[in-house]
Each structure stands twice: as structure tokens, then as C-alpha cells.
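Trainee: My file is model00.cif. It has mmCIF, C-alpha atoms:
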data_input
#
loop_
_atom_site.label_atom_id
_atom_site.label_comp_id
_atom_site.auth_asym_id
_atom_site.auth_seq_id
_atom_site.Cartn_x
_atom_site.Cartn_y
_atom_site.Cartn_z
CA MET M 19 -1.54 -31.26 -15.42
CA GLY M 20 -0.91 -27.58 -15.94
CA ARG M 21 -2.37 -25.42 -18.65
CA ASP M 22 -0.85 -26.02 -22.06
CA ILE M 23 1.16 -23.23 -23.69
CA LEU M 24 2.29 -23.46 -27.33
CA VAL M 25 5.43 -21.36 -27.88
CA VAL M 26 6.04 -20.52 -31.56
CA GLU M 27 9.58 -19.13 -31.78
CA ASP M 28 12.43 -19.97 -34.18
CA GLU M 29 15.26 -18.66 -31.96
CA HIS M 30 16.19 -21.62 -29.74
CA ASN M 31 17.80 -19.54 -26.99
CA ILE M 32 14.57 -17.55 -26.59
CA SER M 33 12.22 -20.56 -26.75
CA ASP M 34 14.40 -22.50 -24.30
CA LEU M 35 14.35 -19.58 -21.84
CA ILE M 36 10.58 -19.19 -22.14
CA ARG M 37 10.11 -22.93 -21.66
CA MET M 38 12.24 -22.93 -18.50
CA TYR M 39 10.26 -20.08 -16.90
CA LEU M 40 6.87 -21.47 -17.92
CA LEU M 41 7.69 -24.91 -16.53
CA LYS M 42 8.67 -23.27 -13.22
CA GLU M 43 5.24 -21.59 -13.19
CA GLY M 44 3.53 -24.97 -13.60
CA PHE M 45 2.57 -24.74 -17.27
CA ASP M 46 2.93 -27.55 -19.80
CA VAL M 47 4.95 -26.31 -22.77
CA ARG M 48 5.20 -27.26 -26.43
CA ILE M 49 7.63 -25.59 -28.85
CA ALA M 50 7.22 -25.03 -32.59
CA GLY M 51 10.13 -23.56 -34.57
CA ASP M 52 8.23 -22.39 -37.66
CA GLY M 53 4.74 -21.44 -38.75
CA ALA M 54 3.84 -24.75 -40.38
CA LEU M 55 4.90 -26.72 -37.30
CA ALA M 56 2.81 -24.34 -35.19
CA ILE M 57 -0.33 -25.12 -37.22
CA GLY M 58 0.43 -28.84 -36.88
CA GLU M 59 0.80 -28.60 -33.08
CA PHE M 60 -2.35 -26.52 -32.84
CA GLN M 61 -4.33 -29.09 -34.83
CA LYS M 62 -3.02 -31.98 -32.71
CA LYS M 63 -4.29 -30.36 -29.53
CA THR M 64 -5.71 -26.91 -28.90
CA PRO M 65 -3.51 -25.19 -26.30
CA ASP M 66 -4.77 -22.92 -23.54
CA LEU M 67 -2.65 -20.07 -24.93
CA ILE M 68 -0.22 -19.43 -27.80
CA LEU M 69 2.91 -17.27 -27.66
CA LEU M 70 3.43 -16.42 -31.32
CA ASP M 71 6.50 -14.76 -32.82
CA VAL M 72 5.85 -12.61 -35.89
CA MET M 73 9.08 -13.26 -37.82
CA LEU M 74 9.02 -17.01 -38.53
CA PRO M 75 10.25 -19.29 -41.33
CA VAL M 76 7.77 -21.09 -43.65
CA MET M 77 4.73 -19.08 -42.45
CA ASP M 78 5.02 -15.79 -40.58
CA GLY M 79 3.11 -15.08 -37.38
CA TRP M 80 0.37 -13.09 -39.12
CA ALA M 81 -0.41 -16.03 -41.43
CA VAL M 82 -0.44 -18.43 -38.47
CA LEU M 83 -2.77 -16.13 -36.50
CA SER M 84 -5.10 -15.82 -39.48
CA ARG M 85 -5.32 -19.61 -39.85
CA ILE M 86 -5.97 -20.11 -36.15
CA ARG M 87 -8.69 -17.45 -36.05
CA GLU M 88 -10.60 -19.25 -38.81
CA THR M 89 -11.60 -21.91 -36.27
CA SER M 90 -10.57 -20.90 -32.76
CA ARG M 91 -10.64 -18.14 -30.15
CA VAL M 92 -7.66 -19.57 -28.26
CA PRO M 93 -5.78 -16.66 -26.60
CA VAL M 94 -2.75 -15.48 -28.62
CA ILE M 95 0.06 -13.20 -27.42
CA MET M 96 2.25 -11.90 -30.24
CA LEU M 97 6.02 -11.76 -29.65
CA THR M 98 7.93 -9.45 -31.95
CA ALA M 99 10.86 -7.09 -32.31
CA LYS M 100 8.61 -4.68 -34.19
CA SER M 101 7.26 -1.84 -32.08
CA GLU M 102 5.71 0.41 -34.73
CA VAL M 103 2.10 1.44 -34.18
CA VAL M 104 1.02 -0.10 -37.51
CA ASP M 105 2.13 -3.55 -36.32
CA ARG M 106 0.21 -3.18 -33.07
CA ILE M 107 -2.91 -2.16 -35.00
CA GLN M 108 -2.48 -5.15 -37.32
CA GLY M 109 -2.26 -7.47 -34.32
CA LEU M 110 -5.37 -5.94 -32.76
CA GLU M 111 -7.41 -6.16 -35.93
CA MET M 112 -6.41 -9.76 -36.63
CA GLY M 113 -7.53 -10.90 -33.19
CA ALA M 114 -4.38 -11.00 -31.05
CA ASP M 115 -5.10 -10.81 -27.31
CA ASP M 116 -1.86 -9.07 -26.35
CA TYR M 117 1.41 -7.90 -27.88
CA VAL M 118 4.88 -8.07 -26.28
CA VAL M 119 7.86 -6.35 -27.87
CA LYS M 120 11.33 -7.92 -27.67
CA PRO M 121 13.44 -7.68 -25.63
CA PHE M 122 11.10 -8.32 -22.71
CA GLU M 123 11.48 -9.28 -19.05
CA MET M 124 10.35 -12.82 -18.30
CA LYS M 125 8.39 -11.61 -15.25
CA GLU M 126 6.43 -9.26 -17.53
CA LEU M 127 5.72 -12.06 -19.99
CA ILE M 128 4.48 -14.37 -17.22
CA ALA M 129 2.26 -11.57 -15.89
CA ARG M 130 0.82 -10.96 -19.38
CA ILE M 131 0.12 -14.69 -19.83
CA ASN M 132 -1.70 -14.92 -16.50
CA ALA M 133 -3.67 -11.73 -17.23
CA VAL M 134 -4.80 -12.96 -20.66
CA LEU M 135 -5.78 -16.37 -19.27
CA ARG M 136 -7.83 -14.72 -16.51
CA ARG M 137 -9.50 -12.40 -19.00
CA THR M 138 -10.44 -15.15 -21.45
CA GLU M 139 -11.70 -17.73 -18.96
CA ILE M 140 -15.50 -17.68 -18.88
CA PRO M 141 -17.23 -19.54 -16.02
CA ASN M 142 -19.39 -22.41 -17.29
CA ASP M 143 -22.47 -21.04 -15.52
CA THR M 144 -22.18 -17.60 -17.08
CA SER M 145 -24.19 -17.04 -20.25
CA LYS M 146 -22.91 -14.35 -22.57
CA LYS M 147 -25.96 -13.73 -24.71
CA LEU M 148 -27.80 -10.44 -25.22
CA VAL M 149 -31.19 -10.17 -26.93
CA PHE M 150 -32.68 -6.97 -28.30
CA ASP M 151 -35.30 -6.20 -30.94
CA LYS M 152 -34.15 -8.03 -34.12
CA LEU M 153 -30.66 -8.50 -32.64
CA VAL M 154 -29.04 -11.42 -30.80
CA ILE M 155 -25.41 -11.12 -29.66
CA ASN M 156 -24.25 -14.57 -28.55
CA LEU M 157 -20.67 -14.39 -27.32
CA ASP M 158 -20.73 -17.99 -26.09
CA GLY M 159 -20.98 -19.21 -29.68
CA TYR M 160 -19.62 -16.06 -31.35
CA GLU M 161 -22.85 -15.70 -33.32
CA LEU M 162 -24.49 -12.47 -34.41
CA ILE M 163 -28.12 -12.76 -35.54
CA VAL M 164 -29.56 -9.68 -37.21
CA ASP M 165 -33.27 -9.65 -38.16
CA GLY M 166 -33.38 -13.44 -37.91
CA LYS M 167 -30.30 -14.09 -40.04
CA LYS M 168 -26.85 -15.16 -38.87
CA VAL M 169 -24.23 -12.61 -39.95
CA ASP M 170 -20.57 -13.63 -40.25
CA THR M 171 -18.69 -11.41 -37.82
CA PRO M 172 -14.98 -11.47 -36.84
CA PRO M 173 -14.31 -12.20 -33.14
CA LYS M 174 -13.14 -8.71 -32.18
CA GLU M 175 -16.20 -7.09 -33.77
CA MET M 176 -18.39 -9.49 -31.77
CA GLU M 177 -16.56 -8.68 -28.55
CA LEU M 178 -16.76 -4.94 -29.19
CA LEU M 179 -20.50 -5.03 -29.89
CA TYR M 180 -21.14 -7.26 -26.86
CA HIS M 181 -19.11 -4.94 -24.61
CA LEU M 182 -21.07 -1.87 -25.74
CA ALA M 183 -24.47 -3.59 -25.66
CA SER M 184 -23.93 -5.18 -22.24
CA THR M 185 -24.03 -1.68 -20.71
CA PRO M 186 -26.60 0.19 -22.83
CA ASN M 187 -26.33 3.98 -23.03
CA LYS M 188 -22.90 4.04 -21.39
CA VAL M 189 -20.41 6.11 -23.37
CA TYR M 190 -16.94 4.63 -23.89
CA THR M 191 -13.86 6.46 -25.16
CA ARG M 192 -11.78 4.78 -27.85
CA ASN M 193 -8.96 4.17 -25.38
CA GLN M 194 -11.36 2.58 -22.89
CA LEU M 195 -12.58 0.21 -25.58
CA LEU M 196 -9.04 -0.71 -26.62
CA ASP M 197 -8.13 -1.42 -23.02
CA GLU M 198 -11.31 -3.29 -22.06
CA VAL M 199 -12.01 -5.20 -25.29
CA TRP M 200 -8.51 -5.83 -26.60
CA GLY M 201 -6.81 -5.81 -23.20
CA PHE M 202 -4.11 -3.35 -24.17
CA ASN M 203 -2.88 -0.35 -22.27
CA TYR M 204 -2.79 1.36 -25.62
CA PHE M 205 -1.00 4.64 -26.25
CA GLY M 206 -0.95 4.71 -30.04
CA ASP M 207 -3.41 5.32 -32.85
CA SER M 208 -6.99 4.45 -31.87
CA ARG M 209 -8.29 4.24 -35.44
CA THR M 210 -8.75 0.50 -35.08
CA VAL M 211 -11.87 1.14 -32.95
CA ASP M 212 -13.34 3.39 -35.66
CA VAL M 213 -12.69 0.70 -38.27
CA HIS M 214 -14.47 -1.95 -36.19
CA ILE M 215 -17.43 0.36 -35.45
CA LYS M 216 -17.78 1.15 -39.17
CA ARG M 217 -17.86 -2.55 -40.05
CA LEU M 218 -20.40 -3.27 -37.31
CA ARG M 219 -22.66 -0.47 -38.54
CA GLU M 220 -22.67 -2.00 -42.01
CA LYS M 221 -24.10 -5.16 -40.40
CA VAL M 222 -26.64 -3.73 -37.93
CA GLU M 223 -27.58 -0.18 -38.95
CA ASN M 224 -31.28 0.66 -39.48
CA VAL M 225 -32.43 -2.82 -38.43
CA SER M 226 -34.48 -1.53 -35.50
CA ASP M 227 -35.69 1.82 -34.20
CA GLN M 228 -35.35 0.60 -30.61
CA TRP M 229 -31.55 0.63 -30.42
CA ALA M 230 -28.57 2.06 -32.31
CA LEU M 231 -24.78 2.09 -32.36
CA LYS M 232 -24.11 5.78 -31.79
CA THR M 233 -21.14 8.10 -32.05
CA VAL M 234 -20.83 10.59 -29.18
CA TRP M 235 -18.88 13.33 -30.89
CA GLY M 236 -15.67 14.30 -29.14
CA VAL M 237 -15.97 11.38 -26.72
CA GLY M 238 -16.47 7.93 -28.23
CA TYR M 239 -19.28 5.40 -28.77
CA LYS M 240 -22.31 3.88 -27.07
CA PHE M 241 -25.02 1.29 -27.69
CA GLU M 242 -28.14 3.42 -27.36
CA LEU M 243 -31.19 1.65 -26.01
CA ARG M 244 -34.39 3.62 -26.51
CA ASP M 245 -37.47 3.58 -24.30
CA GLY M 246 -39.72 0.58 -24.72
CA THR M 247 -37.01 -1.92 -25.65
CA ASP M 248 -36.93 -5.17 -23.68
CA GLU M 249 -33.54 -6.70 -23.10
CA GLY M 250 -33.36 -10.44 -22.51
#
What do you get writing this file as C-alpha cells?
Mentor:
Amino acid sequence: MGRDILVVEDEHNISDLIRMYLLKEGFDVRIAGDGALAIGEFQKKTPDLILLDVMLPVMDGWAVLSRIRETSRVPVIMLTAKSEVVDRIQGLEMGADDYVVKPFEMKELIARINAVLRRTEIPNDTSKKLVFDKLVINLDGYELIVDGKKVDTPPKEMELLYHLASTPNKVYTRNQLLDEVWGFNYFGDSRTVDVHIKRLREKVENVSDQWALKTVWGVGYKFELRDGTDEG
């Protein structure tokens, strides 16, 4: 059996075309024509990836994405006719893994699907857990433990903090973080990174004097690890 793709699209000519190409590529395909049906299909069986249109009857794509992200990190690629920067930022902040604007070439869509699947597949023998003084970043379970207490943290904030902390003292630009954490070749407003950093600081600031989430003015951000800190 191939990997299971859930296509959420109310325009039958588009969903039929996507289905035809995905089947040729060896994927199993399910189609949902509105947001409520999409939630139903998702609950029946978690797919390997969801192609999610924004403009849908019953529940729009943003509402569907929000519901899915309450319980799952399944990869989601948004499909939409909207190309404004604000919509891309909304998709990023809500936890979308990629964003494809209609009309699109099917070859591009297939390439995006394969890229997202590669990026989100974690080998079973690879642990994604970082331990610092009074801080545990567990990306396997999407758990953030600060000073011994579990702190509710949205998936993208977890991924951003893990990415920074996995290479201590390395400085990243905002565009690097958008590309490497969100997976976008992003050419718009990078404020979404600042928003996520601000929210992370509210959770972890002043917990320890052995590490800090630092702004490098005019460049970007880094997870600063000070001398004497043991990383596990």
C-alpha cells in the first residue's frame, strides 16, 4: 500500500485531477468535498499528508487546520487562490507545512508533497530530545518542560526552539528560520518569526542563567549556551 493522502477540495475537476496524478505516483487517495467531511475522514484514519483547500463549504480550511492541530502533527499543505502575504503568515502561524497557490502545476505539487513527506519523516532510532539546565525540549512528544513543569506550546514554537537549541550559539536570520523550520522559500514579511520568538520568551525567559534565547541585532536569533552548561 502507498502512503495515504487526504485531498480536501470542493471543486471536483481539481480533486479529480489531483487524484489521478497522485494515484500514478503510487499514493492512496481519499477525497473530502467540505470541511466537515474532512474532519470525519481524518478521524477515521490519520493520513500521511493532507492537501487542504482554504475556501471550503461548511468549515473553511483554517477551521479544519485548527481542529487537526489540536491532536495531530500530520503534514498539511494548504491549497488556495489567495496569494497575499497575510494569508501565508496565517498558514505558517497555524501550523501548515507548505502553501501552494492556485493555479499550480501538478509536477510542482507532487514535488512539494514529496519534499514535505521527506522533511517530516523521523527515523525511529533518532531521538529528538534536548536537555539543558531547567529546560527539556522533547520534539518526539512535542513536550516542553520548563523548571520541572510541562508548558503548553504550539507545534511551530516547539520546532523553532528545538531548531535553535540543537545548534547552540549559531545565529540564524529570520529567513533562514522560515526556510528551515517552516520549509518555505519565503520572500514576504518575516514578522511571524518575531511573534514566535516573543511567545517562546514568555515561556522560558529568566529560568536559567546558563542559557538564553537571544536577539542578535541586525541579524536574527540564537540559543545562547553559556560556559559550564551540560547538554544531554
Trainee: Taking the file as shown, find all residues satisfying the PyMOL selection byres ((chain M and resi 87-92) around 8) and write them as number ranges by chain.
Mentor: M: 64-68, 83-86, 93-94, 113, 173
Trainee: Got a sec: who's within 8 Å of Lys188 in chain M, counting all atoms listed in the file, leaving out chain neighbours fewer than 2 positions off, as a list in words?
Mentor: Leu182, Thr185, Pro186, Tyr190, Lys240, Phe241 and Glu242 of chain M
Trainee: Kindly extract all protein, DNA and RNA residues lying within 12 Å of the coordinates (-1.4, -16.1, -39.6) given in the file, considering all atoms listed in the file, and supply them as a PyMOL selection string.
Mentor: chain M and resi 26+52-54+56-57+70-74+76-88+94+96+108-109+112-114
Trainee: Could you tell me how far CA of Gln228 in chain M lies from CA of Lys152 in chain M, in Å and to one decimal?
Mentor: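 Interatomic distance, CA of Gln228 in chain M to CA of Lys152 in chain M: 9.4 Å.
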Trainee: Rounded to one decimal, what separation in Å do you get between CA of Arg137 in chain M and CA of Ile95 in chain M?
Mentor: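 If I compute the distance from CA of Arg137 in chain M to CA of Ile95 in chain M, I get 12.8 Å.
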Trainee: For Leu55 in chain M, which residue out of M:Pro121, M:Gly238, M:Pro75, M:Gly20 is the nearest one, using all atoms listed in the file?
Mentor: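 Result for the nearest residue to Leu55 in chain M: M:Pro75.
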Trainee: What's the separation between CA of Val118 in chain M and CA of Leu179 in chain M, in Å to one decimal place?
Mentor: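 Result for CA of Val118 in chain M versus CA of Leu179 in chain M: 25.8 Å, one decimal.
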